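Engineer: Quick one, start_34.cif (mmCIF, C-alpha atoms, pLDDT in the B column; chains and numbers go by the auth columns):
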```
data_final
loop_
_atom_site.group_PDB
_atom_site.id
_atom_site.type_symbol
_atom_site.label_atom_id
_atom_site.label_comp_id
_atom_site.label_asym_id
_atom_site.label_seq_id
_atom_site.Cartn_x
_atom_site.Cartn_y
_atom_site.Cartn_z
_atom_site.B_iso_or_equiv
_atom_site.auth_seq_id
_atom_site.auth_asym_id
ATOM 1 C CA MET A 1 15.755 -11.156 0.872 82.00 30 I
ATOM 2 C CA PRO A 2 16.337 -14.882 0.269 86.00 31 I
ATOM 3 C CA ALA A 3 15.756 -16.456 -3.146 88.00 32 I
ATOM 4 C CA SER A 4 12.732 -18.339 -1.774 89.00 33 I
ATOM 5 C CA GLY A 5 10.846 -15.079 -1.195 86.00 34 I
ATOM 6 C CA ASN A 6 10.147 -16.228 2.361 88.00 35 I
ATOM 7 C CA LEU A 7 11.856 -14.205 5.094 88.00 36 I
ATOM 8 C CA THR A 8 11.911 -15.454 8.694 88.00 37 I
ATOM 9 C CA VAL A 9 12.719 -13.143 11.617 89.00 38 I
ATOM 10 C CA CYS A 10 12.636 -14.521 15.173 88.00 39 I
ATOM 11 C CA GLY A 11 10.267 -17.281 14.088 87.00 40 I
ATOM 12 C CA GLN A 12 7.806 -15.013 12.242 88.00 41 I
ATOM 13 C CA GLN A 13 7.627 -15.618 8.487 89.00 42 I
ATOM 14 C CA PHE A 14 6.995 -12.990 5.828 87.00 43 I
ATOM 15 C CA TRP A 15 6.134 -14.109 2.289 85.00 44 I
ATOM 16 C CA LEU A 16 7.168 -11.409 -0.179 83.00 45 I
ATOM 17 C CA GLY A 17 7.570 -13.365 -3.389 84.00 46 I
ATOM 18 C CA THR A 18 10.545 -14.634 -5.337 86.00 47 I
ATOM 19 C CA HIS A 19 10.576 -11.481 -7.490 85.00 48 I
ATOM 20 C CA ARG A 20 12.024 -9.646 -4.452 83.00 49 I
ATOM 21 C CA ALA A 21 14.983 -12.030 -4.052 85.00 50 I
ATOM 22 C CA GLY A 22 18.189 -10.173 -3.272 87.00 51 I
ATOM 23 C CA LEU A 23 16.365 -7.002 -2.232 86.00 52 I
ATOM 24 C CA THR A 24 17.612 -5.249 0.899 88.00 53 I
ATOM 25 C CA LEU A 25 14.732 -4.714 3.312 87.00 54 I
ATOM 26 C CA THR A 26 14.240 -2.659 6.438 87.00 55 I
ATOM 27 C CA LEU A 27 12.178 -4.244 9.196 87.00 56 I
ATOM 28 C CA ARG A 28 10.305 -1.828 11.464 86.00 57 I
ATOM 29 C CA ALA A 29 8.706 -3.726 14.331 85.00 58 I
ATOM 30 C CA ASP A 30 7.081 -3.394 17.717 79.00 59 I
ATOM 31 C CA ALA A 31 4.881 -5.709 19.748 73.00 60 I
ATOM 32 C CA GLY A 32 1.833 -4.688 17.664 76.00 61 I
ATOM 33 C CA THR A 33 2.899 -4.547 14.008 80.00 62 I
ATOM 34 C CA VAL A 34 5.756 -5.365 11.672 85.00 63 I
ATOM 35 C CA GLU A 35 6.430 -3.272 8.584 86.00 64 I
ATOM 36 C CA LEU A 36 8.771 -4.322 5.797 85.00 65 I
ATOM 37 C CA LEU A 37 10.197 -1.477 3.747 84.00 66 I
ATOM 38 C CA ALA A 38 12.247 -1.367 0.555 82.00 67 I
ATOM 39 C CA ALA A 39 14.036 1.921 -0.177 79.00 68 I
ATOM 40 C CA GLY A 40 11.850 3.588 2.463 79.00 69 I
ATOM 41 C CA ALA A 41 8.553 2.480 0.884 79.00 70 I
ATOM 42 C CA ARG A 42 6.341 0.097 2.844 79.00 71 I
ATOM 43 C CA ILE A 43 5.690 -3.127 0.974 81.00 72 I
ATOM 44 C CA LYS A 44 4.011 -5.073 3.767 82.00 73 I
ATOM 45 C CA LYS A 45 2.454 -4.409 7.172 81.00 74 I
ATOM 46 C CA VAL A 46 1.264 -7.336 9.286 81.00 75 I
ATOM 47 C CA PRO A 47 0.363 -8.043 12.915 80.00 76 I
ATOM 48 C CA SER A 48 3.462 -8.759 14.976 81.00 77 I
ATOM 49 C CA ARG A 49 4.106 -12.054 16.712 83.00 78 I
ATOM 50 C CA LEU A 50 7.381 -10.716 18.105 82.00 79 I
ATOM 51 C CA THR A 51 7.762 -10.517 21.853 84.00 80 I
ATOM 52 C CA ILE A 52 9.652 -7.884 23.834 83.00 81 I
ATOM 53 C CA GLN A 53 12.477 -10.437 24.135 87.00 82 I
ATOM 54 C CA HIS A 54 12.576 -10.795 20.322 87.00 83 I
ATOM 55 C CA LEU A 55 12.779 -7.019 19.925 86.00 84 I
ATOM 56 C CA ARG A 56 15.610 -6.828 22.462 87.00 85 I
ATOM 57 C CA GLN A 57 17.400 -9.620 20.577 90.00 86 I
ATOM 58 C CA LEU A 58 17.085 -7.715 17.292 88.00 87 I
ATOM 59 C CA ILE A 59 18.544 -4.579 18.892 88.00 88 I
ATOM 60 C CA ALA A 60 21.382 -6.624 20.452 90.00 89 I
ATOM 61 C CA GLU A 61 22.168 -8.066 16.991 90.00 90 I
ATOM 62 C CA GLY A 62 22.658 -4.607 15.464 88.00 91 I
ATOM 63 C CA GLY A 63 19.136 -3.288 15.104 84.00 92 I
ATOM 64 C CA THR A 64 18.419 0.371 15.795 82.00 93 I
ATOM 65 C CA ARG A 65 15.893 1.684 18.258 79.00 94 I
ATOM 66 C CA ILE A 66 13.762 4.340 16.567 71.00 95 I
ATOM 67 C CA GLN A 67 11.556 7.013 18.031 61.00 96 I
ATOM 68 C CA THR A 68 7.855 6.287 17.984 50.00 97 I
ATOM 69 C CA ALA A 69 6.288 8.077 15.047 45.00 98 I
ATOM 70 C CA ALA A 70 3.712 10.749 15.678 42.00 99 I
ATOM 71 C CA VAL A 71 0.114 9.735 15.100 42.00 100 I
ATOM 72 C CA PRO A 72 -0.384 9.950 11.329 44.00 101 I
ATOM 73 C CA ALA A 73 -2.786 12.464 9.888 43.00 102 I
ATOM 74 C CA ARG A 74 -6.203 11.027 9.180 43.00 103 I
ATOM 75 C CA PRO A 75 -8.821 12.013 6.639 42.00 104 I
ATOM 76 C CA GLY A 76 -10.971 14.831 7.863 46.00 105 I
ATOM 77 C CA THR A 77 -7.962 16.887 8.916 53.00 106 I
ATOM 78 C CA GLY A 78 -7.442 18.253 5.425 59.00 107 I
ATOM 79 C CA GLU A 79 -4.547 15.860 4.761 76.00 108 I
ATOM 80 C CA ALA A 80 -4.411 13.466 1.813 82.00 109 I
ATOM 81 C CA VAL A 81 -4.206 9.779 2.744 85.00 110 I
ATOM 82 C CA GLU A 82 -3.391 6.611 0.826 86.00 111 I
ATOM 83 C CA VAL A 83 -4.386 2.971 1.051 89.00 112 I
ATOM 84 C CA GLU A 84 -3.262 -0.049 -0.952 91.00 113 I
ATOM 85 C CA ARG A 85 -6.004 -2.156 -2.496 92.00 114 I
ATOM 86 C CA ILE A 86 -6.250 -4.994 -5.004 92.00 115 I
ATOM 87 C CA VAL A 87 -8.812 -4.424 -7.751 92.00 116 I
ATOM 88 C CA ASN A 88 -11.107 -7.442 -7.974 93.00 117 I
ATOM 89 C CA ALA A 89 -11.986 -9.289 -11.195 93.00 118 I
ATOM 90 C CA SER A 90 -14.988 -7.003 -11.757 91.00 119 I
ATOM 91 C CA GLY A 91 -12.901 -3.815 -11.559 90.00 120 I
ATOM 92 C CA LEU A 92 -14.004 -2.867 -8.029 91.00 121 I
ATOM 93 C CA VAL A 93 -12.017 -1.799 -4.950 91.00 122 I
ATOM 94 C CA SER A 94 -13.195 -2.158 -1.392 91.00 123 I
ATOM 95 C CA LEU A 95 -13.149 1.025 0.684 91.00 124 I
ATOM 96 C CA GLY A 96 -14.880 1.348 4.019 86.00 125 I
ATOM 97 C CA GLY A 97 -16.766 -1.926 3.660 85.00 126 I
ATOM 98 C CA ARG A 98 -18.263 -1.072 0.249 87.00 127 I
ATOM 99 C CA GLN A 99 -17.096 -1.687 -3.288 89.00 128 I
ATOM 100 C CA TYR A 100 -16.515 1.089 -5.798 89.00 129 I
ATOM 101 C CA PRO A 101 -15.905 0.786 -9.560 88.00 130 I
ATOM 102 C CA VAL A 102 -12.466 1.887 -10.746 87.00 131 I
ATOM 103 C CA GLY A 103 -12.318 0.053 -14.064 86.00 132 I
ATOM 104 C CA SER A 104 -11.977 -3.496 -15.298 87.00 133 I
ATOM 105 C CA PRO A 105 -8.596 -2.817 -16.996 87.00 134 I
ATOM 106 C CA PHE A 106 -7.102 -2.729 -13.480 88.00 135 I
ATOM 107 C CA ALA A 107 -8.522 -6.115 -12.410 90.00 136 I
ATOM 108 C CA GLY A 108 -6.057 -8.122 -10.345 92.00 137 I
ATOM 109 C CA ARG A 109 -3.636 -5.224 -9.828 91.00 138 I
ATOM 110 C CA ARG A 110 -2.535 -3.820 -6.477 91.00 139 I
ATOM 111 C CA LEU A 111 -3.022 -0.062 -6.690 91.00 140 I
ATOM 112 C CA THR A 112 -2.497 2.887 -4.409 90.00 141 I
ATOM 113 C CA VAL A 113 -5.756 4.736 -3.752 91.00 142 I
ATOM 114 C CA ARG A 114 -5.109 8.355 -2.763 89.00 143 I
ATOM 115 C CA LEU A 115 -7.992 10.274 -1.185 88.00 144 I
ATOM 116 C CA GLU A 116 -7.494 13.995 -1.482 86.00 145 I
ATOM 117 C CA GLY A 117 -10.512 16.222 -0.870 84.00 146 I
ATOM 118 C CA ALA A 118 -13.209 15.454 -3.423 86.00 147 I
ATOM 119 C CA LEU A 119 -10.882 13.346 -5.596 86.00 148 I
ATOM 120 C CA LEU A 120 -9.745 9.739 -5.587 87.00 149 I
ATOM 121 C CA HIS A 121 -6.492 9.108 -7.487 88.00 150 I
ATOM 122 C CA LEU A 122 -5.434 5.626 -8.600 89.00 151 I
ATOM 123 C CA SER A 123 -1.750 4.991 -9.129 88.00 152 I
ATOM 124 C CA ASP A 124 0.660 2.114 -9.412 85.00 153 I
ATOM 125 C CA GLY A 125 2.911 3.813 -6.895 73.00 154 I
ATOM 126 C CA SER A 126 4.213 6.869 -8.700 75.00 155 I
ATOM 127 C CA THR A 127 2.305 6.998 -11.999 83.00 156 I
ATOM 128 C CA LEU A 128 -1.233 8.381 -12.002 85.00 157 I
ATOM 129 C CA LEU A 129 -3.586 5.956 -13.744 85.00 158 I
ATOM 130 C CA ARG A 130 -7.037 7.458 -13.174 86.00 159 I
ATOM 131 C CA THR A 131 -8.821 10.175 -11.192 86.00 160 I
ATOM 132 C CA LEU A 132 -12.389 9.684 -9.974 85.00 161 I
ATOM 133 C CA PRO A 133 -14.757 11.474 -7.581 87.00 162 I
ATOM 134 C CA ASN A 134 -14.116 10.541 -3.938 88.00 163 I
ATOM 135 C CA PRO A 135 -17.167 8.470 -2.871 88.00 164 I
ATOM 136 C CA LEU A 136 -16.376 8.622 0.870 87.00 165 I
ATOM 137 C CA THR A 137 -17.439 11.149 3.458 82.00 166 I
ATOM 138 C CA GLU A 138 -14.790 12.462 5.859 76.00 167 I
ATOM 139 C CA ASP A 139 -16.138 10.164 8.604 76.00 168 I
ATOM 140 C CA GLU A 140 -15.958 7.094 6.339 82.00 169 I
ATOM 141 C CA ALA A 141 -12.457 8.001 5.181 79.00 170 I
ATOM 142 C CA ALA A 142 -11.347 8.479 8.800 74.00 171 I
ATOM 143 C CA ARG A 143 -12.130 4.807 9.487 80.00 172 I
ATOM 144 C CA LEU A 144 -10.318 3.286 6.483 86.00 173 I
ATOM 145 C CA ARG A 145 -8.206 0.244 7.289 85.00 174 I
ATOM 146 C CA ASP A 146 -4.448 0.715 6.746 84.00 175 I
ATOM 147 C CA ALA A 147 -4.723 4.399 5.792 84.00 176 I
ATOM 148 C CA ARG A 148 -1.447 6.311 5.923 82.00 177 I
ATOM 149 C CA PRO A 149 -0.434 9.902 5.230 82.00 178 I
ATOM 150 C CA ALA A 150 -0.058 10.381 1.490 79.00 179 I
ATOM 151 C CA GLY A 151 3.351 10.713 -0.061 78.00 180 I
ATOM 152 C CA PRO A 152 4.096 12.830 -3.113 78.00 181 I
ATOM 153 C CA ALA A 153 1.193 13.139 -5.544 77.00 182 I
ATOM 154 C CA PRO A 154 1.367 10.669 -8.440 77.00 183 I
ATOM 155 C CA ARG A 155 2.241 12.122 -11.831 78.00 184 I
ATOM 156 C CA PRO A 156 0.651 11.238 -15.163 75.00 185 I
ATOM 157 C CA SER A 157 2.754 9.028 -17.409 69.00 186 I
ATOM 158 C CA THR A 158 5.089 10.834 -19.788 70.00 187 I
ATOM 159 C CA GLU A 159 4.624 8.081 -22.363 68.00 188 I
ATOM 160 C CA PRO A 160 2.259 8.843 -25.259 65.00 189 I
ATOM 161 C CA VAL A 161 -1.174 7.301 -24.958 56.00 190 I
ATOM 162 C CA ARG A 162 -1.522 4.427 -27.403 61.00 191 I
ATOM 163 C CA ARG A 163 -4.872 3.394 -28.696 60.00 192 I
ATOM 164 C CA CYS A 164 -5.779 0.443 -30.866 64.00 193 I
ATOM 165 C CA ARG A 165 -8.779 0.707 -33.087 66.00 194 I
ATOM 166 C CA ALA A 166 -10.448 -2.260 -34.611 64.00 195 I
ATOM 167 C CA ARG A 167 -10.596 -2.064 -38.369 65.00 196 I
ATOM 168 C CA PRO A 168 -14.087 -2.151 -39.822 65.00 197 I
ATOM 169 C CA ARG A 169 -14.844 -5.420 -41.591 64.00 198 I
#
```
Starting from the coordinates I provided, produce the structure as structure tokens.
Structural biologist:
Amino acid sequence: MPASGNLTVCGQQFWLGTHRAGLTLTLRADAGTVELLAAGARIKKVPSRLTIQHLRQLIAEGGTRIQTAAVPARPGTGEAVEVERIVNASGLVSLGGRQYPVGSPFAGRRLTVRLEGALLHLSDGSTLLRTLPNPLTEDEAARLRDARPAGPAPRPSTEPVRRCRARPR
């Protein structure tokens, strides 16, 4: 990843931020989508502007042809799924065209929302931050944008919980 945080592949640009400078990325692309992965974890998925000729060029320059992945499990099949969402300034996340409260302390943060049965888990990737009731029906969950099969369940932090109390005046 260049120091500018702006990666260009066959004329298509990907802005990933300067904090990722020097990071080794894997590009997984077809004519429909491009995924950028770091250490196997997807950090960005965008519509592809790459042509078949671009894909052939990438393979000719040392890229590897991969087998098409099986259709991922979707909600309603008993499988947990995850989506990435940014919590808005009011502490809400958008799921299925509606907004749901997850807490104002998370405002502005990109969180992983894991839907597993009747529960919704919020994590920052691997650390469980909060568990709430799942507000979506199976049909609504089946239509979530950018849903993917869930990875390993997030774990609660091992750090002690710190709490500040205001002193009475």
Engineer: Pull out every residue that the PyMOL selection byres ((chain I and resi 59-61) around 7) matches in the shown coordinates and put them as a VMD selection string.
Structural biologist: chain I and resid 58 62 to 63 76 to 77 79 to 81
Engineer: Can you translate the PyMOL selection byres ((chain I and resi 43) around 10) into the concrete residues it hits in this file, as a list in words?
Structural biologist: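 Given this file, the PyMOL selection byres ((chain I and resi 43) around 10) evaluates to Gly34, Asn35, Leu36, Thr37, Val38, Gly40, Gln41, Gln42, Trp44, Leu45, Gly46, Val63, Leu65, Lys73, Lys74 and Val75 of chain I.
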Engineer: For CA of Ala176 (chain I) and CA of Thr160 (chain I), determine how far apart the two atoms are, in Å to one decimal place.
Structural biologist: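 Computing it gives 18.4 Å between the two atoms.
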Engineer: Applied to this file, what does the PyMOL selection byres ((chain I and resi 71) around 12) return in terms of residues, put as a list in words?
Structural biologist: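 Taken over the shown coordinates, the PyMOL selection byres ((chain I and resi 71) around 12) returns Leu45, Leu54, Thr55, Leu56, Arg57, Val63, Glu64, Leu65, Leu66, Ala67, Ala68, Gly69, Ala70, Ile72, Lys73, Lys74, Val75, Glu111, Val112, Glu113, Thr141, Gly154, Asp175, Arg177 and Gly180 of chain I.
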Engineer: Counting only C-alpha atoms, which residues sit no farther than 12 Å from the position (-11.6, -4.9, -1.7) in the file's frame? I'd like them as a list in words.
Structural biologist: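 These residues have at least one counted atom within 12 Å: Val112, Glu113, Arg114, Ile115, Val116, Asn117, Ala118, Ser119, Gly120, Leu121, Val122, Ser123, Leu124, Gly125, Gly126, Arg127, Gln128, Tyr129, Pro130, Val131, Ala136, Gly137, Arg138, Arg139, Leu140, Val142, Leu173 and Arg174 of chain I.
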Engineer: Which residue is closest to Pro164 (chain I)? Choose from I:Glu145, I:Pro183, I:Ser33, I:Gly92 and count all atoms listed in the file.
Structural biologist: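 Residue with the minimum atom-to-atom distance to Pro164 (chain I): I:Glu145.
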Engineer: To one decimal in Å, tell me the separation between CA of Leu148 (chain I) and CA of Leu165 (chain I).
Structural biologist: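 Separation of CA of Leu148 (chain I) and CA of Leu165 (chain I): 9.7 Å.
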Engineer: Report the distance between CA of Pro134 (chain I) and CA of Leu149 (chain I) in Å, rounded to one decimal place.
Structural biologist: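 A separation of 17.0 Å between them.
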Engineer: I need the residue nearest Arg184 (chain I) from this list: I:Ile88, I:Leu151, I:Leu161, I:Ala109. Use all atoms listed in the file for the distance.
Structural biologist: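 The shortest atom-to-atom distance to Arg184 (chain I) comes from I:Leu151.
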Engineer: Counting all atoms listed in the file, which residue out of I:Cys39, I:Pro178, I:Glu167, I:Pro185 sits closest to Asp153 (chain I)?
Structural biologist: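 Of I:Cys39, I:Pro178, I:Glu167, I:Pro185, the one nearest Asp153 (chain I), counting all atoms listed in the file, is I:Pro185.
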